[in-house]
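Engineer: Contents of structure.csv (CSV, C-alpha atoms):
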chain,number,residue,atom,x,y,z
A,1,MET,CA,-46.8,-123.4,157.0
A,2,THR,CA,-47.0,-125.7,153.9
A,3,ASP,CA,-50.2,-126.4,151.9
A,4,VAL,CA,-50.3,-129.9,153.3
A,5,GLU,CA,-50.1,-128.6,156.8
A,6,LEU,CA,-52.9,-126.1,156.1
A,7,VAL,CA,-55.2,-128.8,154.7
A,8,SER,CA,-54.6,-131.1,157.6
A,9,ASN,CA,-55.1,-128.3,160.1
A,10,CYS,CA,-58.5,-127.5,158.5
A,11,ILE,CA,-59.9,-131.0,158.9
A,12,MET,CA,-62.6,-131.0,161.6
A,13,ALA,CA,-64.8,-133.8,162.8
A,14,THR,CA,-67.8,-131.6,163.2
A,15,ARG,CA,-71.1,-133.3,164.0
A,16,ILE,CA,-73.8,-132.5,161.4
A,17,PRO,CA,-77.3,-131.9,162.7
A,18,VAL,CA,-79.8,-134.6,161.6
A,19,SER,CA,-82.1,-131.9,160.1
A,20,VAL,CA,-79.2,-130.8,157.8
A,21,SER,CA,-78.4,-134.3,156.6
A,22,GLU,CA,-82.0,-135.2,156.0
A,23,ALA,CA,-82.7,-132.0,154.0
A,24,LEU,CA,-79.7,-132.7,151.8
A,25,SER,CA,-80.8,-136.3,151.4
A,26,ARG,CA,-84.3,-135.3,150.3
A,27,ARG,CA,-82.9,-132.9,147.7
A,28,MET,CA,-80.6,-135.7,146.4
A,29,GLN,CA,-83.5,-138.2,146.2
A,30,ASN,CA,-85.6,-135.7,144.3
A,31,GLY,CA,-82.8,-134.9,141.8
A,32,ALA,CA,-82.9,-131.3,143.0
A,33,LEU,CA,-79.5,-131.0,144.8
A,34,ARG,CA,-77.8,-127.8,143.8
A,35,VAL,CA,-74.0,-127.8,143.3
A,36,VAL,CA,-71.6,-125.0,142.4
A,37,THR,CA,-69.7,-125.7,139.2
A,38,PRO,CA,-67.3,-123.5,137.2
A,39,ALA,CA,-68.7,-121.8,134.1
A,40,GLN,CA,-68.1,-123.9,131.0
A,41,ASP,CA,-66.6,-123.0,127.7
A,42,GLY,CA,-68.9,-123.1,124.7
A,43,VAL,CA,-71.9,-121.2,123.3
A,44,ASP,CA,-73.2,-119.0,126.1
A,45,LEU,CA,-76.9,-119.4,126.3
A,46,CYS,CA,-77.4,-119.2,130.0
A,47,SER,CA,-75.7,-116.1,131.4
A,48,ASN,CA,-77.5,-112.8,132.1
A,49,ASP,CA,-74.9,-110.9,130.0
A,50,TYR,CA,-77.6,-110.0,127.5
A,51,LEU,CA,-75.6,-107.3,125.7
A,52,GLY,CA,-72.1,-108.7,126.1
A,53,LEU,CA,-71.1,-105.8,128.3
A,54,ALA,CA,-69.3,-108.1,130.9
A,55,ARG,CA,-66.8,-108.8,128.1
A,56,GLN,CA,-66.2,-105.1,127.4
A,57,LEU,CA,-66.2,-103.9,131.0
A,58,GLY,CA,-63.1,-105.9,131.9
A,59,HIS,CA,-61.1,-103.8,129.3
A,60,VAL,CA,-62.5,-100.5,130.5
A,61,CYS,CA,-62.0,-101.0,134.2
A,62,SER,CA,-59.0,-103.3,134.4
A,63,THR,CA,-56.7,-100.6,135.7
A,64,PRO,CA,-57.8,-98.1,138.4
A,65,ALA,CA,-57.9,-94.5,137.4
A,66,HIS,CA,-55.4,-92.0,138.7
A,67,GLY,CA,-56.3,-90.9,142.2
A,68,LEU,CA,-58.2,-94.1,143.0
A,69,ALA,CA,-55.6,-95.5,145.4
A,70,ARG,CA,-58.1,-96.3,148.1
A,71,LEU,CA,-59.7,-99.4,146.5
A,72,GLY,CA,-61.0,-101.0,149.7
A,73,ALA,CA,-64.0,-100.1,151.8
A,74,THR,CA,-63.7,-99.0,155.4
A,75,GLY,CA,-67.1,-99.5,156.9
A,76,SER,CA,-70.8,-99.0,156.2
A,77,ARG,CA,-72.1,-95.8,154.6
A,78,LEU,CA,-73.3,-94.6,158.0
A,79,VAL,CA,-69.9,-95.0,159.6
A,80,SER,CA,-66.9,-94.3,157.4
A,81,GLY,CA,-67.7,-95.8,154.0
A,82,SER,CA,-69.6,-92.9,152.3
A,83,THR,CA,-67.8,-90.5,150.0
A,84,LEU,CA,-68.6,-87.8,147.5
A,85,ALA,CA,-68.1,-90.4,144.8
A,86,HIS,CA,-71.0,-92.4,146.2
A,87,GLU,CA,-73.3,-89.4,146.1
A,88,GLU,CA,-72.1,-88.5,142.6
A,89,VAL,CA,-72.9,-92.0,141.2
A,90,GLU,CA,-76.3,-92.0,143.0
A,91,HIS,CA,-77.1,-88.6,141.5
A,92,PHE,CA,-76.2,-89.9,138.1
A,93,LEU,CA,-78.4,-93.0,138.6
A,94,ALA,CA,-81.3,-90.9,139.7
A,95,CYS,CA,-81.0,-88.6,136.6
A,96,PHE,CA,-80.6,-91.6,134.3
A,97,HIS,CA,-83.7,-93.3,135.7
A,98,ALA,CA,-85.7,-90.0,135.6
A,99,THR,CA,-86.4,-89.8,139.3
A,100,GLU,CA,-85.4,-87.7,142.4
A,101,ALA,CA,-83.0,-90.0,144.2
A,102,ALA,CA,-81.1,-93.3,144.2
A,103,LEU,CA,-79.5,-95.5,146.8
A,104,LEU,CA,-76.8,-98.1,146.1
A,105,PHE,CA,-76.9,-101.6,147.5
A,106,GLY,CA,-74.4,-104.5,147.3
A,107,SER,CA,-76.8,-106.7,145.1
A,108,GLY,CA,-80.3,-106.9,143.8
A,109,PHE,CA,-81.0,-109.4,146.6
A,110,GLU,CA,-79.9,-106.8,149.3
A,111,ALA,CA,-81.9,-104.1,147.6
A,112,ASN,CA,-85.1,-106.2,147.6
A,113,ILE,CA,-84.9,-107.5,151.1
A,114,GLY,CA,-83.9,-104.0,152.3
A,115,LEU,CA,-86.7,-102.3,150.5
A,116,LEU,CA,-89.6,-104.7,151.1
A,117,GLY,CA,-88.4,-105.8,154.5
A,118,SER,CA,-88.5,-102.2,155.8
A,119,LEU,CA,-91.9,-101.2,154.4
A,120,GLY,CA,-95.2,-101.4,156.2
A,121,GLY,CA,-96.5,-101.6,159.7
A,122,ARG,CA,-98.7,-104.3,161.3
A,123,SER,CA,-101.9,-102.8,159.9
A,124,ASP,CA,-100.4,-102.3,156.4
A,125,THR,CA,-100.5,-104.7,153.4
A,126,ILE,CA,-98.0,-106.0,150.8
A,127,LEU,CA,-99.4,-107.8,147.8
A,128,TYR,CA,-97.0,-109.5,145.5
A,129,ASP,CA,-97.2,-111.5,142.2
A,130,GLU,CA,-96.9,-115.2,142.9
A,131,LEU,CA,-93.9,-115.5,140.5
A,132,VAL,CA,-91.7,-112.7,141.9
A,133,HIS,CA,-88.0,-113.5,142.6
A,134,ALA,CA,-87.0,-115.2,145.9
A,135,SER,CA,-85.3,-111.9,147.1
A,136,MET,CA,-88.7,-110.1,146.9
A,137,ARG,CA,-90.4,-113.0,148.7
A,138,ASP,CA,-87.7,-112.9,151.5
A,139,GLY,CA,-88.2,-109.2,151.8
A,140,VAL,CA,-91.9,-109.6,152.2
A,141,ARG,CA,-91.3,-112.2,154.9
A,142,LEU,CA,-89.1,-109.7,156.8
A,143,SER,CA,-91.8,-107.0,156.8
A,144,ILE,CA,-94.2,-106.9,159.7
A,145,ALA,CA,-97.0,-106.0,157.3
A,146,ARG,CA,-99.7,-108.4,156.3
A,147,SER,CA,-98.9,-110.0,153.0
A,148,HIS,CA,-100.7,-112.0,150.3
A,149,SER,CA,-99.8,-113.2,146.8
A,150,PHE,CA,-102.0,-112.6,143.7
A,151,ARG,CA,-102.1,-114.7,140.5
A,152,HIS,CA,-99.4,-114.1,138.1
A,153,ASN,CA,-100.1,-111.0,135.9
A,154,ASP,CA,-103.8,-111.2,136.9
A,155,VAL,CA,-104.9,-107.6,137.4
A,156,ASP,CA,-108.5,-108.7,138.3
A,157,ASP,CA,-107.2,-110.9,141.1
A,158,LEU,CA,-105.0,-108.1,142.3
A,159,ARG,CA,-108.0,-105.7,142.3
A,160,ARG,CA,-110.0,-108.2,144.5
A,161,LYS,CA,-107.1,-108.4,146.9
A,162,LEU,CA,-106.7,-104.6,147.0
A,163,GLN,CA,-110.3,-104.3,148.0
A,164,ARG,CA,-109.6,-106.3,151.2
A,165,ALA,CA,-106.3,-104.7,151.9
A,166,THR,CA,-105.8,-102.5,155.0
A,167,GLY,CA,-103.6,-99.5,155.7
A,168,ASP,CA,-100.8,-98.5,153.3
A,169,CYS,CA,-100.7,-101.0,150.5
A,170,PHE,CA,-97.7,-101.9,148.5
A,171,VAL,CA,-97.8,-104.0,145.2
A,172,ALA,CA,-94.6,-105.8,144.3
A,173,VAL,CA,-93.9,-107.1,140.7
A,174,GLU,CA,-91.1,-107.7,138.3
A,175,SER,CA,-91.2,-105.9,135.0
A,176,LEU,CA,-89.6,-109.0,133.2
A,177,TYR,CA,-89.9,-112.3,134.9
A,178,SER,CA,-86.7,-114.3,135.1
A,179,MET,CA,-88.1,-117.8,134.6
A,180,ASP,CA,-91.0,-117.5,132.1
A,181,GLY,CA,-89.6,-114.5,130.3
A,182,ASP,CA,-93.0,-112.6,130.2
A,183,CYS,CA,-93.6,-109.0,131.1
A,184,ALA,CA,-95.9,-107.4,133.7
A,185,PRO,CA,-98.9,-105.4,132.5
A,186,LEU,CA,-97.3,-102.2,133.8
A,187,GLN,CA,-99.9,-99.8,132.3
A,188,GLU,CA,-102.8,-101.6,133.9
A,189,LEU,CA,-100.9,-102.1,137.2
A,190,CYS,CA,-100.1,-98.3,137.4
A,191,ALA,CA,-103.7,-97.4,136.6
A,192,LEU,CA,-105.0,-99.8,139.3
A,193,CYS,CA,-102.6,-98.6,141.9
A,194,ARG,CA,-103.4,-95.0,141.1
A,195,GLU,CA,-107.1,-95.8,141.4
A,196,SER,CA,-106.7,-97.6,144.7
A,197,GLY,CA,-104.0,-95.5,146.3
A,198,ALA,CA,-101.6,-98.4,146.4
A,199,HIS,CA,-97.8,-98.0,146.0
A,200,LEU,CA,-96.2,-99.9,143.1
A,201,ILE,CA,-92.8,-101.5,143.5
A,202,VAL,CA,-91.1,-102.8,140.3
A,203,ASP,CA,-88.0,-105.0,140.1
A,204,GLU,CA,-86.3,-104.1,136.8
A,205,ALA,CA,-83.4,-106.6,137.1
A,206,HIS,CA,-83.8,-108.4,133.8
A,207,ALA,CA,-85.3,-105.4,131.9
A,208,THR,CA,-82.5,-102.9,132.7
A,209,GLY,CA,-80.2,-102.6,129.6
A,210,VAL,CA,-82.6,-104.5,127.4
A,211,TYR,CA,-85.5,-102.1,127.0
A,212,GLY,CA,-85.6,-98.4,126.5
A,213,HIS,CA,-83.6,-96.2,124.1
A,214,GLN,CA,-80.6,-96.3,126.5
A,215,GLY,CA,-81.5,-99.4,128.4
A,216,GLU,CA,-83.4,-97.6,131.1
A,217,GLY,CA,-85.9,-100.4,131.6
A,218,LEU,CA,-89.5,-101.1,130.9
A,219,VAL,CA,-91.0,-98.6,133.4
A,220,GLN,CA,-89.3,-95.6,131.6
A,221,ALA,CA,-89.8,-97.2,128.2
A,222,ASN,CA,-93.5,-97.1,128.9
A,223,GLY,CA,-93.4,-93.5,130.2
A,224,LEU,CA,-94.4,-94.6,133.8
A,225,ALA,CA,-91.5,-93.3,135.9
A,226,ASN,CA,-93.7,-90.9,137.8
A,227,GLU,CA,-96.3,-93.7,138.5
A,228,VAL,CA,-94.0,-96.1,140.3
A,229,PHE,CA,-93.2,-95.7,144.0
A,230,ALA,CA,-89.9,-97.6,143.9
A,231,ARG,CA,-87.8,-99.4,141.3
A,232,VAL,CA,-84.9,-101.8,141.7
A,233,HIS,CA,-82.2,-101.7,139.0
A,234,THR,CA,-79.7,-104.6,139.2
A,235,PHE,CA,-76.2,-104.2,137.7
A,236,GLY,CA,-75.5,-107.9,137.6
A,237,LYS,CA,-77.6,-108.7,134.5
A,238,ALA,CA,-77.3,-106.8,131.2
A,239,LEU,CA,-74.9,-104.3,132.8
A,240,GLY,CA,-72.4,-107.1,133.3
A,241,TYR,CA,-71.2,-106.0,136.7
A,242,ARG,CA,-72.6,-106.4,140.3
A,243,GLY,CA,-74.6,-104.3,142.8
A,244,ALA,CA,-78.0,-102.6,142.5
A,245,CYS,CA,-79.8,-99.4,143.3
A,246,VAL,CA,-83.3,-98.4,144.5
A,247,VAL,CA,-84.6,-95.3,142.7
A,248,GLY,CA,-87.6,-93.2,143.8
A,249,SER,CA,-88.3,-90.1,145.8
A,250,ARG,CA,-85.9,-88.3,148.2
A,251,GLU,CA,-88.2,-89.3,151.0
A,252,LEU,CA,-87.9,-93.0,150.0
A,253,ARG,CA,-84.1,-92.7,149.9
A,254,ASP,CA,-84.1,-91.1,153.4
A,255,TYR,CA,-86.4,-93.8,154.7
A,256,LEU,CA,-84.1,-96.6,153.4
A,257,ILE,CA,-81.0,-95.0,154.8
A,258,ASN,CA,-82.7,-95.2,158.2
A,259,PHE,CA,-84.7,-98.5,158.0
A,260,ALA,CA,-83.3,-100.8,155.3
A,261,ARG,CA,-81.2,-103.2,157.4
A,262,SER,CA,-79.3,-104.5,154.4
A,263,PHE,CA,-78.1,-101.0,153.8
A,264,VAL,CA,-77.5,-99.9,157.4
A,265,TYR,CA,-75.5,-102.9,158.3
A,266,SER,CA,-73.5,-103.6,155.1
A,267,THR,CA,-70.1,-102.4,154.1
A,268,ALA,CA,-70.1,-99.6,151.6
A,269,CYS,CA,-69.4,-100.2,147.9
A,270,ASP,CA,-65.7,-99.5,147.2
A,271,LEU,CA,-64.5,-96.7,144.9
A,272,PHE,CA,-63.3,-98.9,142.1
A,273,SER,CA,-66.7,-100.6,142.0
A,274,LEU,CA,-68.3,-97.1,141.7
A,275,ARG,CA,-66.2,-96.5,138.7
A,276,CYS,CA,-67.2,-99.8,137.1
A,277,ILE,CA,-70.9,-99.1,137.7
A,278,ARG,CA,-70.6,-95.7,136.0
A,279,GLU,CA,-68.6,-97.2,133.1
A,280,ALA,CA,-71.1,-100.0,132.7
A,281,TYR,CA,-74.0,-97.4,132.4
A,282,GLU,CA,-72.0,-95.5,129.8
A,283,LEU,CA,-71.5,-98.7,127.8
A,284,MET,CA,-75.2,-99.7,128.2
A,285,ALA,CA,-76.5,-96.3,127.0
A,286,GLU,CA,-74.4,-96.6,123.8
A,287,ALA,CA,-75.3,-100.3,123.2
A,288,ARG,CA,-78.1,-99.6,120.7
A,289,ARG,CA,-76.7,-101.9,118.1
A,290,GLU,CA,-76.6,-104.7,120.6
A,291,ARG,CA,-80.2,-104.1,121.6
A,292,LEU,CA,-81.2,-104.3,118.0
A,293,SER,CA,-79.2,-107.5,117.5
A,294,LEU,CA,-80.9,-109.0,120.6
A,295,GLN,CA,-84.4,-108.2,119.2
A,296,HIS,CA,-83.4,-109.8,115.9
A,297,LEU,CA,-82.4,-113.0,117.7
A,298,ILE,CA,-85.6,-113.1,119.7
A,299,GLY,CA,-87.6,-112.9,116.5
A,300,ALA,CA,-85.4,-115.6,114.8
A,301,TRP,CA,-85.8,-117.9,117.8
A,302,ALA,CA,-89.6,-117.6,117.7
A,303,GLU,CA,-89.6,-118.3,113.9
A,304,MET,CA,-87.4,-121.4,114.3
A,305,ALA,CA,-89.2,-122.7,117.3
A,306,ALA,CA,-92.5,-122.7,115.5
A,307,ALA,CA,-91.2,-125.5,113.3
A,308,TYR,CA,-90.6,-127.9,116.2
A,309,HIS,CA,-94.1,-129.3,117.0
A,310,ASN,CA,-92.8,-132.0,119.4
A,311,VAL,CA,-90.9,-129.5,121.6
A,312,GLN,CA,-92.8,-127.6,124.3
A,313,PHE,CA,-91.7,-124.0,124.4
A,314,LEU,CA,-92.5,-121.2,126.8
A,315,ARG,CA,-93.5,-118.4,124.4
A,316,SER,CA,-91.7,-115.2,125.2
A,317,ALA,CA,-90.9,-111.9,123.4
A,318,SER,CA,-87.9,-111.3,125.7
A,319,PRO,CA,-84.3,-112.7,125.7
A,320,ILE,CA,-85.5,-115.3,128.3
A,321,GLN,CA,-86.8,-118.4,126.6
A,322,GLY,CA,-87.6,-121.8,127.9
A,323,ILE,CA,-87.9,-125.4,126.7
A,324,VAL,CA,-90.1,-127.4,129.1
A,325,VAL,CA,-88.6,-130.8,129.9
A,326,PRO,CA,-90.7,-132.4,132.7
A,327,GLY,CA,-88.8,-134.2,135.4
A,328,ASN,CA,-85.6,-133.2,137.2
A,329,ASP,CA,-83.6,-136.3,136.1
A,330,PHE,CA,-84.4,-135.8,132.4
A,331,VAL,CA,-83.8,-132.1,132.3
A,332,VAL,CA,-80.4,-132.5,134.0
A,333,ARG,CA,-79.5,-135.3,131.6
A,334,LEU,CA,-80.3,-133.0,128.7
A,335,GLU,CA,-78.2,-130.2,130.3
A,336,ARG,CA,-75.2,-132.5,130.5
A,337,ARG,CA,-75.5,-133.7,126.9
A,338,LEU,CA,-75.8,-130.1,125.7
A,339,LEU,CA,-72.7,-129.1,127.6
A,340,GLU,CA,-70.8,-132.0,126.0
A,341,ALA,CA,-72.0,-130.7,122.6
A,342,GLY,CA,-70.6,-127.2,123.4
A,343,PHE,CA,-73.8,-125.4,124.5
A,344,PHE,CA,-73.7,-123.7,127.9
A,345,VAL,CA,-77.3,-124.1,128.9
A,346,ARG,CA,-78.8,-124.5,132.4
A,347,ALA,CA,-81.5,-126.9,133.6
A,348,ILE,CA,-84.1,-125.2,135.9
A,349,ARG,CA,-85.5,-127.9,138.3
A,350,SER,CA,-88.3,-128.1,140.8
A,351,PRO,CA,-88.7,-126.6,143.4
A,352,THR,CA,-87.3,-123.5,141.7
A,353,VAL,CA,-90.1,-124.0,139.2
A,354,PRO,CA,-93.3,-126.0,139.8
A,355,ARG,CA,-93.0,-129.8,139.5
A,356,GLY,CA,-93.8,-130.8,135.9
A,357,SER,CA,-92.6,-127.5,134.4
A,358,GLU,CA,-88.9,-128.2,134.7
A,359,ARG,CA,-87.1,-126.6,131.8
A,360,LEU,CA,-84.0,-125.7,129.9
A,361,ARG,CA,-83.7,-121.9,130.4
A,362,ILE,CA,-82.3,-120.3,127.3
A,363,CYS,CA,-80.9,-116.8,127.6
A,364,LEU,CA,-80.3,-115.0,124.3
A,365,HIS,CA,-77.5,-112.5,123.9
A,366,SER,CA,-76.6,-109.9,121.3
A,367,PHE,CA,-73.4,-111.9,120.5
A,368,ASN,CA,-75.2,-115.2,119.8
A,369,ARG,CA,-75.6,-116.3,116.1
A,370,VAL,CA,-78.8,-117.6,114.4
A,371,SER,CA,-76.9,-120.6,113.3
A,372,GLU,CA,-76.0,-121.5,116.9
A,373,LEU,CA,-79.7,-121.3,117.9
A,374,ALA,CA,-80.7,-123.5,114.9
A,375,GLU,CA,-78.1,-126.1,115.9
A,376,LEU,CA,-79.3,-126.1,119.5
A,377,LEU,CA,-82.9,-126.5,118.6
A,378,SER,CA,-82.1,-129.4,116.3
A,379,TYR,CA,-80.0,-131.1,118.9
A,380,VAL,CA,-82.7,-130.7,121.7
A,381,ASP,CA,-85.3,-132.2,119.3
A,382,GLN,CA,-83.1,-135.2,118.6
A,383,LEU,CA,-82.3,-135.8,122.3
A,384,GLN,CA,-86.0,-135.6,123.3
A,385,GLU,CA,-86.9,-138.0,120.5
A,386,MET,CA,-84.2,-140.5,121.6
A,387,TYR,CA,-85.5,-140.2,125.2
A,388,ARG,CA,-89.1,-140.9,124.1
A,389,GLY,CA,-87.9,-143.9,122.1
A,390,ALA,CA,-86.0,-145.3,125.1
A,391,CYS,CA,-89.0,-144.8,127.4
A,392,ALA,CA,-91.3,-146.6,124.9
A,393,ALA,CA,-88.9,-149.5,124.6
A,394,ALA,CA,-88.5,-149.8,128.4
A,395,GLY,CA,-92.2,-149.6,129.1
How does this structure look as structure tokens?

Structural biologist:
Amino acid sequence: MTDVELVSNCIMATRIPVSVSEALSRRMQNGALRVVTPAQDGVDLCSNDYLGLARQLGHVCSTPAHGLARLGATGSRLVSGSTLAHEEVEHFLACFHATEAALLFGSGFEANIGLLGSLGGRSDTILYDELVHASMRDGVRLSIARSHSFRHNDVDDLRRKLQRATGDCFVAVESLYSMDGDCAPLQELCALCRESGAHLIVDEAHATGVYGHQGEGLVQANGLANEVFARVHTFGKALGYRGACVVGSRELRDYLINFARSFVYSTACDLFSLRCIREAYELMAEARRERLSLQHLIGAWAEMAAAYHNVQFLRSASPIQGIVVPGNDFVVRLERRLLEAGFFVRAIRSPTVPRGSERLRICLHSFNRVSELAELLSYVDQLQEMYRGACAAAG
């Protein structure tokens, strides 16, 4: 069959539900319609490859090792997909993250919905920071436990909510928040959970690789591994690969194997991926120079940003920075102009962030240069000045 025949055979006159068409139309009218576009060439200031390991991992894992002939997966871990290699990697991950056990998942999203979605009965409570990732929110929705949000990084508000909580109580936070680039007050949260008997869950997605002597994350960097009930470490950020693990007690691992639906009903990770995960961890552990370079760039960004009084910055001591550009239309327009100028930056629009706080999200990497950041800031300042002048002339 030719390509033309394939295309013509795939054309279907399927009737689209009105609700689908209306939802897309509303997104388009609000300037919030998402589209998938290929990654652009240019200065990378948007990927999660904080240490540049994705660039190295391809060379390390491009050819399967001897004896790794079975690259595919044959089923879920509970059917035919589990091997000694899976258990060896999970043992390595547990040791690396200073805990008893680890369990692999296909992604951070799967890990969060499996973990949070399986926890709690009808008389139990899940409390979560209002700015946690969508995967944590979706996991909370899947749970039959009662759930409430608390104000972002507000320990006093969490304390009030804990006083009204019933049954087993779980507190869900991120160690480093992906949109604002700020960190959770982990010491205070651990103290409060210890005092109240609550169980703390920490998503370390954006902190893994960036913080700690070997990139262990913020929980271990703060000496709190024994204080946290469950941690999620994602391999798709600074590790430069894909997948995730939940680390904690052996009982937690056994529980997830039995009740986390995203684990029970998902195909197992293949053997080649296991090798890449292990290699990524080895690279991350040795990436001390890259972590130092990243901290240097974070400081340089803060110093340069202080000179731009007409640009609204989200202040952050992490690799995640933000330039607030209110309005979906304007922030997308700036994104396009920056792409044309060779800067690969992404616009974050509402409803992903609250209306009026739309932003250019800047992710710093160990391989970026100070001169690139200076050029970006100057260009953004010029574009915003041009826009303000055009608005004044029109109005």

Engineer: Please list as a PyMOL selection string every residue within 9 Å of Val311 (chain A), counting only C-alpha atoms and excluding residues in the same chain fewer than 5 positions away.

Structural biologist: chain A and resi 305+323-325+380-381+384

Engineer: Quote the spacing between CA of Ala191 (chain A) and CA of Met284 (chain A) in Å to one decimal place.

Structural biologist: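 Between CA of Ala191 (chain A) and CA of Met284 (chain A) the gap is 29.8 Å.
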
Engineer: List the spatial neighbours of region 48-55 of chain A as a PDB file with C-alpha atoms, in the coordinates of the input - criterion: any atom at most 6 Å away, all atoms listed in the file, same-chain residues fewer than 4 positions off excluded.

Structural biologist:
ATOM      1  CA  LYS A 237     -77.600-108.700 134.500  1.00  0.00           C
ATOM      2  CA  ALA A 238     -77.300-106.800 131.200  1.00  0.00           C
ATOM      3  CA  GLY A 240     -72.400-107.100 133.300  1.00  0.00           C
ATOM      4  CA  GLU A 290     -76.600-104.700 120.600  1.00  0.00           C
ATOM      5  CA  HIS A 365     -77.500-112.500 123.900  1.00  0.00           C
ATOM      6  CA  SER A 366     -76.600-109.900 121.300  1.00  0.00           C
TER       7      SER A 366
END

Engineer: Kindly give the distance, in Å, that separates CA of Ile201 (chain A) and CA of Val173 (chain A), rounded to a single decimal.

Structural biologist: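 Taking CA of Ile201 (chain A) as the start and CA of Val173 (chain A) as the end point, the length is 6.4 Å.
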
Engineer: Give me the residues within 9 Å of Tyr241 (chain A) as a PyMOL selection string, counting all atoms listed in the file and dropping any in the same chain fewer than 4 places off.

Structural biologist: chain A and resi 53-54+57+234-237+273+276-277+280

Engineer: Could you please determine the separation between CA of Tyr211 (chain A) and CA of Arg151 (chain A) in Å, to one decimal place?

Structural biologist: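 Rounded to one decimal, the two atoms are 24.8 Å apart.
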
Engineer: Counting all atoms listed in the file, what are the residues of region 147-244 of chain A within 12 Å of region 79-93 of chain A, and for each of them which pair of atoms is the nearest and at what distance in Å, to one decimal? Sort the table by chain and rising number, as CSV.

Structural biologist:
residue,atom,partner,partner_atom,distance
A:Glu216,CA,A:Leu93,CA,10.1
A:Arg231,CA,A:Leu93,CA,11.7
A:Val232,CA,A:Leu93,CA,11.4
A:His233,CA,A:Leu93,CA,9.5
A:Thr234,CA,A:Leu93,CA,11.7
A:Phe235,CA,A:Leu93,CA,11.4
A:Ala244,CA,A:Leu93,CA,10.4

Engineer: I'd like to know which of A:Arg27, A:Leu119, A:Ser293, A:Phe170 is closest to Phe259 (chain A), using all atoms listed in the file.

Structural biologist: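 That would be A:Leu119, the residue with the smallest distance to Phe259 (chain A).
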
Engineer: Is there a way to get, as a PyMOL selection string, all residues within 8 Å of the point (-79.8, -98.9, 121.1) in file coordinates, counting only C-alpha atoms?

Structural biologist: chain A and resi 212-215+285-292

Engineer: Output the selection as a compact mmCIF listing (two decimals), keeping the file's coordinate frame - C-alpha atoms for each residue.

Structural biologist:
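Final output, saved to selection-v4.txt:
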# COMPACT_ATOMS: atom_id res chain seq x y z
CA GLY A 212 -85.60 -98.40 126.50
CA HIS A 213 -83.60 -96.20 124.10
CA GLN A 214 -80.60 -96.30 126.50
CA GLY A 215 -81.50 -99.40 128.40
CA ALA A 285 -76.50 -96.30 127.00
CA GLU A 286 -74.40 -96.60 123.80
CA ALA A 287 -75.30 -100.30 123.20
CA ARG A 288 -78.10 -99.60 120.70
CA ARG A 289 -76.70 -101.90 118.10
CA GLU A 290 -76.60 -104.70 120.60
CA ARG A 291 -80.20 -104.10 121.60
CA LEU A 292 -81.20 -104.30 118.00

Engineer: Hey, which of A:Thr37, A:Ser47, A:Ser196, A:Gln312 ends up closest to Asn368 (chain A)? Count all atoms listed in the file.

Structural biologist: A:Ser47

Engineer: Considering all atoms listed in the file, can you say which of A:Leu339, A:Ala172, A:Leu334, A:Leu364 comes closest to Glu385 (chain A)?

Structural biologist: A:Leu334

Engineer: So which residues touch His148 (chain A) within 7 Å, counting all atoms listed in the file, skipping near sequence neighbours fewer than 3 positions away, as JSON, numbers by chain?

Structural biologist: {"A": [126, 127, 128]}

Engineer: Return as CSV the residues of region 109-169 of chain A lying at most 10 Å from region 182-190 of chain A, together with the closest atom-to-atom pair for each and the distance in Å to one decimal, counting only C-alpha atoms, with rows in chain order and ascending residue number.

Structural biologist:
residue,atom,partner,partner_atom,distance
A:Asp129,CA,A:Ala184,CA,9.5
A:His152,CA,A:Ala184,CA,8.7
A:Asn153,CA,A:Ala184,CA,6.0
A:Asp154,CA,A:Pro185,CA,8.8
A:Val155,CA,A:Leu189,CA,6.8
A:Leu158,CA,A:Leu189,CA,8.9
A:Arg159,CA,A:Leu189,CA,9.5

Engineer: Grab the residues selected above and save them as an mmCIF file, in the coordinates of the input with C-alpha atoms.

Structural biologist:
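Just written: part_7.cif:
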data_model
loop_
_atom_site.group_PDB
_atom_site.id
_atom_site.type_symbol
_atom_site.label_atom_id
_atom_site.label_comp_id
_atom_site.auth_asym_id
_atom_site.auth_seq_id
_atom_site.Cartn_x
_atom_site.Cartn_y
_atom_site.Cartn_z
ATOM 1 C CA ASP A 129 -97.200 -111.500 142.200
ATOM 2 C CA HIS A 152 -99.400 -114.100 138.100
ATOM 3 C CA ASN A 153 -100.100 -111.000 135.900
ATOM 4 C CA ASP A 154 -103.800 -111.200 136.900
ATOM 5 C CA VAL A 155 -104.900 -107.600 137.400
ATOM 6 C CA LEU A 158 -105.000 -108.100 142.300
ATOM 7 C CA ARG A 159 -108.000 -105.700 142.300
#

Engineer: I want to know what sits within 10 Å of Arg146 (chain A), based on all atoms listed in the file, with residues of the same chain fewer than 5 positions away left out; could you give that as a ChimeraX atom specification?

Structural biologist: /A:120-127,140-141,165-167,169

Engineer: Give the answer as one residue: which of A:Ser149, A:Ser76, A:Ser25, A:Ser178 has the shortest atom-to-atom distance to Gln321 (chain A), using all atoms listed in the file?

Structural biologist: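 Comparing A:Ser149, A:Ser76, A:Ser25, A:Ser178 against Gln321 (chain A), the winner is A:Ser178.
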
Engineer: Need the neighbours of (-74.8, -105.8, 148.1): which residues are at most 9 Å away, counting all atoms listed in the file, as a PyMOL selection string?

Structural biologist: chain A and resi 104-111+242-244+262-263+266-269

Engineer: Using all atoms listed in the file for the distances, tell me which of A:Ala306, A:Ala221, A:Leu297, A:Met179 is nearest to Arg359 (chain A).

Structural biologist: A:Met179
